[in-house]
file query_9.pdb (PDB, C-alpha atoms, pLDDT in the B column)
ATOM      1  CA  MET Z   1      99.100-126.858 -10.643  1.00 72.00           C
ATOM      2  CA  THR Z   2      97.378-123.467 -10.528  1.00 87.00           C
ATOM      3  CA  ASP Z   3      96.667-121.385 -13.610  1.00 95.00           C
ATOM      4  CA  GLN Z   4      98.639-118.139 -13.652  1.00 92.00           C
ATOM      5  CA  LEU Z   5      95.423-116.153 -14.200  1.00 97.00           C
ATOM      6  CA  ALA Z   6      93.300-118.107 -11.702  1.00 92.00           C
ATOM      7  CA  ASP Z   7      92.902-115.134  -9.351  1.00 93.00           C
ATOM      8  CA  SER Z   8      93.156-112.426 -11.994  1.00 96.00           C
ATOM      9  CA  PRO Z   9      90.225-110.217 -13.066  1.00 97.00           C
ATOM     10  CA  LEU Z  10      91.554-110.308 -16.663  1.00 97.00           C
ATOM     11  CA  PRO Z  11      89.502-113.258 -17.989  1.00 98.00           C
ATOM     12  CA  LYS Z  12      86.228-111.701 -16.830  1.00 98.00           C
ATOM     13  CA  GLN Z  13      87.340-108.270 -18.026  1.00 97.00           C
ATOM     14  CA  VAL Z  14      88.144-109.573 -21.513  1.00 98.00           C
ATOM     15  CA  LEU Z  15      85.282-112.048 -21.917  1.00 98.00           C
ATOM     16  CA  GLY Z  16      82.398-110.100 -20.371  1.00 97.00           C
ATOM     17  CA  SER Z  17      79.139-112.043 -20.715  1.00 97.00           C
ATOM     18  CA  ALA Z  18      81.058-115.014 -22.176  1.00 98.00           C
ATOM     19  CA  TYR Z  19      82.982-115.458 -18.926  1.00 98.00           C
ATOM     20  CA  GLU Z  20      80.583-117.933 -17.264  1.00 98.00           C
ATOM     21  CA  PRO Z  21      80.469-120.460 -20.133  1.00 98.00           C
ATOM     22  CA  MET Z  22      84.222-120.025 -20.552  1.00 98.00           C
ATOM     23  CA  ARG Z  23      84.789-120.712 -16.866  1.00 98.00           C
ATOM     24  CA  THR Z  24      82.976-124.024 -17.425  1.00 98.00           C
ATOM     25  CA  PHE Z  25      85.179-124.642 -20.481  1.00 98.00           C
ATOM     26  CA  TYR Z  26      88.276-123.772 -18.468  1.00 98.00           C
ATOM     27  CA  GLY Z  27      87.332-126.227 -15.713  1.00 97.00           C
ATOM     28  CA  LYS Z  28      86.790-129.024 -18.236  1.00 98.00           C
ATOM     29  CA  LEU Z  29      90.107-128.264 -19.946  1.00 98.00           C
ATOM     30  CA  ALA Z  30      91.981-128.142 -16.625  1.00 97.00           C
ATOM     31  CA  GLU Z  31      90.568-131.516 -15.584  1.00 97.00           C
ATOM     32  CA  GLU Z  32      90.401-133.441 -18.862  1.00 98.00           C
ATOM     33  CA  GLY Z  33      92.420-131.506 -21.458  1.00 97.00           C
ATOM     34  CA  GLU Z  34      95.826-133.111 -20.918  1.00 97.00           C
ATOM     35  CA  PRO Z  35      94.642-136.716 -20.304  1.00 97.00           C
ATOM     36  CA  ARG Z  36      92.531-136.544 -23.474  1.00 97.00           C
ATOM     37  CA  GLY Z  37      95.414-135.159 -25.539  1.00 96.00           C
ATOM     38  CA  LEU Z  38      93.818-131.764 -26.205  1.00 96.00           C
ATOM     39  CA  ILE Z  39      96.460-129.614 -24.513  1.00 96.00           C
ATOM     40  CA  GLY Z  40     100.098-130.294 -23.660  1.00 94.00           C
ATOM     41  CA  PRO Z  41     101.450-130.784 -20.120  1.00 94.00           C
ATOM     42  CA  ARG Z  42     103.160-127.388 -20.260  1.00 94.00           C
ATOM     43  CA  ASP Z  43      99.826-125.682 -20.997  1.00 95.00           C
ATOM     44  CA  VAL Z  44      97.993-126.780 -17.852  1.00 94.00           C
ATOM     45  CA  ASP Z  45      98.901-123.675 -15.828  1.00 96.00           C
ATOM     46  CA  ILE Z  46      98.374-121.222 -18.708  1.00 97.00           C
ATOM     47  CA  ILE Z  47      95.010-122.349 -20.117  1.00 98.00           C
ATOM     48  CA  TRP Z  48      93.380-118.940 -19.699  1.00 98.00           C
ATOM     49  CA  GLU Z  49      96.127-117.061 -21.532  1.00 98.00           C
ATOM     50  CA  ARG Z  50      97.321-119.529 -24.166  1.00 97.00           C
ATOM     51  CA  HIS Z  51      94.015-121.035 -25.175  1.00 98.00           C
ATOM     52  CA  ILE Z  52      90.965-119.065 -24.077  1.00 98.00           C
ATOM     53  CA  LEU Z  53      92.092-115.419 -24.155  1.00 98.00           C
ATOM     54  CA  ASN Z  54      94.324-116.095 -27.171  1.00 98.00           C
ATOM     55  CA  SER Z  55      91.268-117.446 -29.009  1.00 98.00           C
ATOM     56  CA  ALA Z  56      89.149-114.477 -27.943  1.00 98.00           C
ATOM     57  CA  ALA Z  57      91.661-112.164 -29.648  1.00 98.00           C
ATOM     58  CA  VAL Z  58      90.013-112.970 -33.016  1.00 98.00           C
ATOM     59  CA  VAL Z  59      86.571-111.760 -31.916  1.00 98.00           C
ATOM     60  CA  PRO Z  60      86.981-108.041 -32.828  1.00 98.00           C
ATOM     61  CA  PHE Z  61      88.163-109.054 -36.307  1.00 98.00           C
ATOM     62  CA  ILE Z  62      85.135-111.303 -36.770  1.00 98.00           C
ATOM     63  CA  VAL Z  63      82.798-108.515 -35.636  1.00 98.00           C
ATOM     64  CA  GLU Z  64      84.441-106.210 -38.174  1.00 98.00           C
ATOM     65  CA  ALA Z  65      84.203-108.824 -40.944  1.00 98.00           C
ATOM     66  CA  LEU Z  66      80.479-109.188 -40.237  1.00 98.00           C
ATOM     67  CA  GLY Z  67      79.976-105.438 -40.510  1.00 97.00           C
ATOM     68  CA  ALA Z  68      78.732-105.108 -36.929  1.00 97.00           C
ATOM     69  CA  ASP Z  69      79.645-102.469 -34.366  1.00 94.00           C
ATOM     70  CA  SER Z  70      79.454-104.703 -31.267  1.00 94.00           C
ATOM     71  CA  THR Z  71      79.636-108.356 -30.229  1.00 94.00           C
ATOM     72  CA  GLU Z  72      75.921-108.286 -29.357  1.00 93.00           C
ATOM     73  CA  LYS Z  73      74.921-107.168 -32.854  1.00 94.00           C
ATOM     74  CA  ALA Z  74      77.220-109.461 -34.840  1.00 97.00           C
ATOM     75  CA  GLU Z  75      75.229-111.965 -36.902  1.00 98.00           C
ATOM     76  CA  GLY Z  76      76.175-114.394 -39.639  1.00 98.00           C
ATOM     77  CA  ARG Z  77      77.597-117.844 -40.322  1.00 98.00           C
ATOM     78  CA  LEU Z  78      81.078-118.852 -39.251  1.00 98.00           C
ATOM     79  CA  ALA Z  79      83.054-122.040 -39.821  1.00 98.00           C
ATOM     80  CA  ASP Z  80      85.898-122.974 -37.486  1.00 98.00           C
ATOM     81  CA  VAL Z  81      88.183-125.378 -39.338  1.00 98.00           C
ATOM     82  CA  GLY Z  82      90.112-128.017 -37.385  1.00 97.00           C
ATOM     83  CA  SER Z  83      88.442-127.061 -34.111  1.00 98.00           C
ATOM     84  CA  GLY Z  84      90.387-129.658 -32.090  1.00 97.00           C
ATOM     85  CA  GLY Z  85      90.078-128.748 -28.423  1.00 97.00           C
ATOM     86  CA  GLY Z  86      87.764-125.865 -29.309  1.00 98.00           C
ATOM     87  CA  PHE Z  87      90.195-123.113 -30.281  1.00 98.00           C
ATOM     88  CA  PRO Z  88      89.132-120.611 -31.356  1.00 98.00           C
ATOM     89  CA  GLY Z  89      85.633-121.860 -32.314  1.00 98.00           C
ATOM     90  CA  VAL Z  90      84.182-122.631 -28.879  1.00 98.00           C
ATOM     91  CA  VAL Z  91      85.428-119.306 -27.506  1.00 98.00           C
ATOM     92  CA  VAL Z  92      84.047-117.443 -30.528  1.00 98.00           C
ATOM     93  CA  ALA Z  93      80.645-119.113 -30.084  1.00 98.00           C
ATOM     94  CA  ALA Z  94      80.532-117.992 -26.440  1.00 98.00           C
ATOM     95  CA  CYS Z  95      81.566-114.423 -27.285  1.00 98.00           C
ATOM     96  CA  LEU Z  96      79.220-114.036 -30.276  1.00 98.00           C
ATOM     97  CA  PRO Z  97      75.894-115.668 -29.344  1.00 98.00           C
ATOM     98  CA  GLN Z  98      74.065-114.355 -32.449  1.00 98.00           C
ATOM     99  CA  VAL Z  99      76.593-115.931 -34.843  1.00 98.00           C
ATOM    100  CA  GLN Z 100      75.922-119.483 -36.059  1.00 98.00           C
ATOM    101  CA  VAL Z 101      79.211-121.324 -35.498  1.00 98.00           C
ATOM    102  CA  THR Z 102      80.028-124.643 -37.200  1.00 98.00           C
ATOM    103  CA  LEU Z 103      82.913-126.487 -35.509  1.00 98.00           C
ATOM    104  CA  ILE Z 104      84.555-128.629 -38.201  1.00 98.00           C
ATOM    105  CA  GLU Z 105      86.786-131.440 -36.958  1.00 98.00           C
ATOM    106  CA  PRO Z 106      87.628-134.804 -38.606  1.00 97.00           C
ATOM    107  CA  MET Z 107      88.939-136.748 -35.558  1.00 97.00           C
ATOM    108  CA  GLU Z 108      86.282-138.755 -33.733  1.00 98.00           C
ATOM    109  CA  ARG Z 109      87.668-138.329 -30.197  1.00 98.00           C
ATOM    110  CA  ARG Z 110      87.874-134.556 -30.658  1.00 98.00           C
ATOM    111  CA  VAL Z 111      84.369-134.459 -32.118  1.00 98.00           C
ATOM    112  CA  GLU Z 112      83.133-136.274 -29.002  1.00 98.00           C
ATOM    113  CA  TRP Z 113      84.914-133.693 -26.823  1.00 98.00           C
ATOM    114  CA  LEU Z 114      83.414-130.783 -28.781  1.00 98.00           C
ATOM    115  CA  HIS Z 115      79.898-132.203 -28.418  1.00 98.00           C
ATOM    116  CA  GLU Z 116      80.426-132.417 -24.636  1.00 98.00           C
ATOM    117  CA  VAL Z 117      81.782-128.852 -24.456  1.00 98.00           C
ATOM    118  CA  VAL Z 118      78.951-127.370 -26.529  1.00 98.00           C
ATOM    119  CA  GLN Z 119      76.371-129.062 -24.309  1.00 98.00           C
ATOM    120  CA  GLU Z 120      78.040-128.313 -20.951  1.00 98.00           C
ATOM    121  CA  CYS Z 121      78.731-124.665 -21.848  1.00 98.00           C
ATOM    122  CA  GLY Z 122      75.200-124.158 -23.206  1.00 98.00           C
ATOM    123  CA  LEU Z 123      76.361-122.956 -26.618  1.00 98.00           C
ATOM    124  CA  ASP Z 124      73.074-123.123 -28.526  1.00 98.00           C
ATOM    125  CA  ASN Z 125      74.605-121.328 -31.523  1.00 98.00           C
ATOM    126  CA  ALA Z 126      77.345-123.949 -32.068  1.00 98.00           C
ATOM    127  CA  THR Z 127      77.094-127.092 -34.205  1.00 98.00           C
ATOM    128  CA  VAL Z 128      79.745-129.807 -34.369  1.00 98.00           C
ATOM    129  CA  LEU Z 129      80.439-131.336 -37.773  1.00 98.00           C
ATOM    130  CA  ARG Z 130      82.713-134.333 -38.206  1.00 98.00           C
ATOM    131  CA  ALA Z 131      84.365-133.706 -41.564  1.00 98.00           C
ATOM    132  CA  ARG Z 132      87.428-132.471 -43.347  1.00 97.00           C
ATOM    133  CA  ALA Z 133      87.103-128.914 -44.624  1.00 97.00           C
ATOM    134  CA  GLU Z 134      87.085-130.182 -48.217  1.00 95.00           C
ATOM    135  CA  GLU Z 135      83.971-132.311 -47.522  1.00 96.00           C
ATOM    136  CA  VAL Z 136      81.782-129.577 -46.031  1.00 97.00           C
ATOM    137  CA  GLN Z 137      78.497-128.767 -47.773  1.00 92.00           C
ATOM    138  CA  LEU Z 138      78.306-124.987 -47.975  1.00 94.00           C
ATOM    139  CA  PRO Z 139      75.329-123.138 -46.484  1.00 91.00           C
ATOM    140  CA  GLY Z 140      73.885-121.115 -49.377  1.00 93.00           C
ATOM    141  CA  LYS Z 141      76.744-119.294 -51.090  1.00 94.00           C
ATOM    142  CA  GLY Z 142      79.202-120.039 -48.279  1.00 98.00           C
ATOM    143  CA  PHE Z 143      80.205-118.898 -44.805  1.00 98.00           C
ATOM    144  CA  ASP Z 144      80.661-115.228 -43.916  1.00 98.00           C
ATOM    145  CA  VAL Z 145      83.794-115.927 -41.871  1.00 98.00           C
ATOM    146  CA  VAL Z 146      86.173-118.868 -41.513  1.00 98.00           C
ATOM    147  CA  THR Z 147      88.465-119.145 -38.480  1.00 98.00           C
ATOM    148  CA  CYS Z 148      91.245-121.544 -37.537  1.00 98.00           C
ATOM    149  CA  ARG Z 149      94.256-121.879 -35.278  1.00 97.00           C
ATOM    150  CA  ALA Z 150      97.432-123.931 -35.741  1.00 86.00           C
ATOM    151  CA  VAL Z 151      95.958-126.041 -38.542  1.00 93.00           C
ATOM    152  CA  ALA Z 152      98.422-125.678 -41.451  1.00 95.00           C
ATOM    153  CA  PRO Z 153     100.765-123.166 -43.113  1.00 95.00           C
ATOM    154  CA  MET Z 154      99.087-120.593 -45.387  1.00 97.00           C
ATOM    155  CA  ARG Z 155     100.182-122.315 -48.592  1.00 96.00           C
ATOM    156  CA  LYS Z 156      97.978-125.276 -47.594  1.00 97.00           C
ATOM    157  CA  LEU Z 157      95.436-123.468 -45.435  1.00 97.00           C
ATOM    158  CA  ALA Z 158      94.261-121.137 -48.209  1.00 97.00           C
ATOM    159  CA  GLY Z 159      93.358-124.112 -50.410  1.00 97.00           C
ATOM    160  CA  PHE Z 160      90.808-125.600 -48.009  1.00 96.00           C
ATOM    161  CA  THR Z 161      89.533-122.565 -46.078  1.00 98.00           C
ATOM    162  CA  LEU Z 162      88.938-119.904 -48.737  1.00 98.00           C
ATOM    163  CA  PRO Z 163      86.590-122.147 -50.795  1.00 98.00           C
ATOM    164  CA  LEU Z 164      84.281-122.278 -47.748  1.00 98.00           C
ATOM    165  CA  LEU Z 165      83.748-118.506 -47.868  1.00 98.00           C
ATOM    166  CA  ARG Z 166      81.084-116.623 -49.769  1.00 98.00           C
ATOM    167  CA  SER Z 167      82.255-113.867 -52.093  1.00 98.00           C
ATOM    168  CA  GLY Z 168      83.198-110.957 -49.815  1.00 98.00           C
ATOM    169  CA  GLY Z 169      83.742-113.261 -46.824  1.00 98.00           C
ATOM    170  CA  ARG Z 170      86.899-113.249 -44.747  1.00 98.00           C
ATOM    171  CA  LEU Z 171      89.408-115.739 -43.360  1.00 98.00           C
ATOM    172  CA  VAL Z 172      90.509-114.869 -39.808  1.00 98.00           C
ATOM    173  CA  ALA Z 173      93.408-117.166 -38.883  1.00 98.00           C
ATOM    174  CA  LEU Z 174      95.362-117.149 -35.623  1.00 98.00           C
ATOM    175  CA  LYS Z 175      99.035-117.442 -36.484  1.00 97.00           C
ATOM    176  CA  GLY Z 176     102.502-117.295 -34.954  1.00 93.00           C
ATOM    177  CA  ARG Z 177     105.432-114.962 -35.538  1.00 93.00           C
ATOM    178  CA  SER Z 178     106.112-116.367 -39.021  1.00 95.00           C
ATOM    179  CA  ALA Z 179     102.718-115.181 -40.317  1.00 96.00           C
ATOM    180  CA  GLN Z 180     104.097-112.711 -42.880  1.00 97.00           C
ATOM    181  CA  GLU Z 181     106.551-115.280 -44.199  1.00 97.00           C
ATOM    182  CA  GLU Z 182     103.703-117.791 -44.507  1.00 97.00           C
ATOM    183  CA  ILE Z 183     101.707-115.320 -46.596  1.00 98.00           C
ATOM    184  CA  GLU Z 184     104.647-114.770 -48.926  1.00 97.00           C
ATOM    185  CA  LYS Z 185     105.195-118.516 -49.371  1.00 97.00           C
ATOM    186  CA  GLY Z 186     101.475-119.156 -49.828  1.00 97.00           C
ATOM    187  CA  MET Z 187     100.664-116.269 -52.161  1.00 98.00           C
ATOM    188  CA  LYS Z 188     100.205-118.461 -55.233  1.00 97.00           C
ATOM    189  CA  MET Z 189      97.636-120.656 -53.482  1.00 97.00           C
ATOM    190  CA  ILE Z 190      95.903-117.646 -51.875  1.00 98.00           C
ATOM    191  CA  LEU Z 191      95.381-116.060 -55.296  1.00 98.00           C
ATOM    192  CA  ARG Z 192      94.299-119.350 -56.860  1.00 98.00           C
ATOM    193  CA  ALA Z 193      91.641-119.760 -54.141  1.00 98.00           C
ATOM    194  CA  LYS Z 194      90.322-116.226 -54.913  1.00 98.00           C
ATOM    195  CA  GLY Z 195      91.941-114.658 -51.855  1.00 98.00           C
ATOM    196  CA  VAL Z 196      92.738-110.933 -51.923  1.00 98.00           C
ATOM    197  CA  ASP Z 197      94.577-108.501 -49.662  1.00 98.00           C
ATOM    198  CA  PRO Z 198      96.222-111.011 -47.294  1.00 98.00           C
ATOM    199  CA  ARG Z 199      97.651-109.143 -44.297  1.00 98.00           C
ATOM    200  CA  VAL Z 200      98.966-109.728 -40.785  1.00 98.00           C
ATOM    201  CA  VAL Z 201      97.517-107.732 -37.912  1.00 98.00           C
ATOM    202  CA  ASP Z 202      98.533-107.495 -34.279  1.00 97.00           C
ATOM    203  CA  ALA Z 203      95.763-108.839 -32.025  1.00 98.00           C
ATOM    204  CA  PRO Z 204      95.723-107.706 -28.372  1.00 97.00           C
ATOM    205  CA  VAL Z 205      95.046-110.550 -25.920  1.00 98.00           C
ATOM    206  CA  ALA Z 206      94.641-108.643 -22.620  1.00 97.00           C
ATOM    207  CA  PRO Z 207      96.367-105.783 -20.803  1.00 95.00           C
ATOM    208  CA  GLY Z 208      99.839-106.895 -19.716  1.00 96.00           C
ATOM    209  CA  LEU Z 209      99.832-110.035 -21.884  1.00 97.00           C
ATOM    210  CA  GLU Z 210     101.721-110.537 -25.132  1.00 96.00           C
ATOM    211  CA  SER Z 211      99.609-109.892 -28.216  1.00 97.00           C
ATOM    212  CA  THR Z 212      99.141-112.511 -30.929  1.00 97.00           C
ATOM    213  CA  HIS Z 213      99.059-112.446 -34.730  1.00 97.00           C
ATOM    214  CA  VAL Z 214      96.038-112.807 -36.974  1.00 98.00           C
ATOM    215  CA  VAL Z 215      96.089-113.274 -40.750  1.00 98.00           C
ATOM    216  CA  LEU Z 216      93.153-111.744 -42.603  1.00 98.00           C
ATOM    217  CA  VAL Z 217      92.338-112.713 -46.194  1.00 98.00           C
ATOM    218  CA  ASP Z 218      89.262-111.533 -48.086  1.00 98.00           C
ATOM    219  CA  LYS Z 219      87.474-113.669 -50.674  1.00 98.00           C
ATOM    220  CA  ARG Z 220      86.992-112.165 -54.117  1.00 97.00           C
TER     221      ARG Z 220
END
call {"tool": "encode", "arguments": {"input": "query_9.pdb", "output": "C-alpha cells"}}
result
Amino acid sequence: MTDQLADSPLPKQVLGSAYEPMRTFYGKLAEEGEPRGLIGPRDVDIIWERHILNSAAVVPFIVEALGADSTEKAEGRLADVGSGGGFPGVVVAACLPQVQVTLIEPMERRVEWLHEVVQECGLDNATVLRARAEEVQLPGKGFDVVTCRAVAPMRKLAGFTLPLLRSGGRLVALKGRSAQEEIEKGMKMILRAKGVDPRVVDAPVAPGLESTHVVLVDKR
C-alpha cells in the first residue's frame, strides 16, 4: 500500500529541515506502526497527512507561545502528554531542535517505541519519560508549553495538563471538530486548573489538505 503523499513535494515543503528525520520516522511507522498497534490499518496509506503533517500543524502555535519569530529561534521546555506513537511530540522535536521536548507516556510498549524513534531519528532534544502526567516532576516552575493529541476530552485534559505549565505557559492541543463544544463542557475544570482564554483556532496542515483544529489555553 502506497502513501498518498509518497511522491508529493508537500512533506518536504512543510517540514523543511525536519524532513530527513521525519522521513526516517515515516519509514518506521509504515513498516512497524500497524503491527505494533500504533496506527490503525486504515492509516497506513495516509501516514504523512494524518500523523506527521497533522502533528506539524501545532508548530507555529508553539513558536508563538515561546515568543519566538522562527522555528530556528524557538527555545524553551515542552511536555508532550500521552505521546503514544509520537504525535505530535516526535514531530515537534524534529521541527524545533532548540526546544527541550519531554515525551510523556505511561505504556511500556509505547515507551520502548519512542526510545527507538528518538534514537533512530537523531532527536537529541527529546527525552522519553514513562509516567502519567499527574506523576511528572516539574522542571523549575513548570513547562513553557504542553502539547497533546487525542488523549482525552477537555473536561479531563485540563486537569492533568494545565498543572504542568508554568504561569504564563500555554496548552496547545490538537483536537477534532467538536473542540468548541469540548471547551464549553470543560470550562469548570479549565478555570479550576488556572486556565484562561481557552479558544479554538484553525491550523493549516498543507496546501490542498484539510486544516485541523487546535485548542489554546493559557495558564494564569
call {"tool": "resolve_selection", "arguments": {"input": "query_9.pdb", "expression": "the PyMOL selection byres ((chain Z and resi 11) around 10)", "output": "number ranges by chain"}}
result
Z: 5-10, 12-16, 18-19, 22-23, 48-49, 52-53, 206
call {"tool": "resolve_selection", "arguments": {"input": "query_9.pdb", "expression": "the PyMOL selection byres ((chain Z and resi 113-119) around 10)", "output": "PyMOL selection string"}}
result
chain Z and resi 21-22+24-25+28-29+32-33+36+38+83-86+89-90+93-94+103-105+108-112+120-129
call {"tool": "atom_distance", "arguments": {"input": "query_9.pdb", "atom1": "atom CA of Z:Thr102", "atom2": "atom CA of Z:Met189"}}
result
24.3 Å
call {"tool": "closest_atom_pairs", "arguments": {"input": "query_9.pdb", "of": "stretch 1-115 of chain Z", "to": "stretch 166-169 of chain Z", "cutoff": "10 Å", "atoms": "only C-alpha atoms", "output": "Markdown table"}}
result
| residue | atom | partner | partner_atom | distance |
| --- | --- | --- | --- | --- |
| Z:Ala65 | CA | Z:Gly169 | CA | 7.4 |
| Z:Leu66 | CA | Z:Gly169 | CA | 8.4 |
| Z:Leu78 | CA | Z:Gly169 | CA | 9.8 |
call {"tool": "resolve_selection", "arguments": {"input": "query_9.pdb", "expression": "the PyMOL selection byres ((chain Z and resi 191-199) around 12)", "output": "MDAnalysis selection string"}}
result
chainID Z and resid 154:173 175 179:190 200:202 213:220
call {"tool": "axis_aligned_box", "arguments": {"input": "query_9.pdb", "around": "stretch 82-96 of chain Z", "padding_each_side": "4 Å", "output": "JSON"}}
result
{"center_x": 84.8, "center_y": -121.8, "center_z": -31.9, "size_x": 19.2, "size_y": 23.6, "size_z": 18.9}
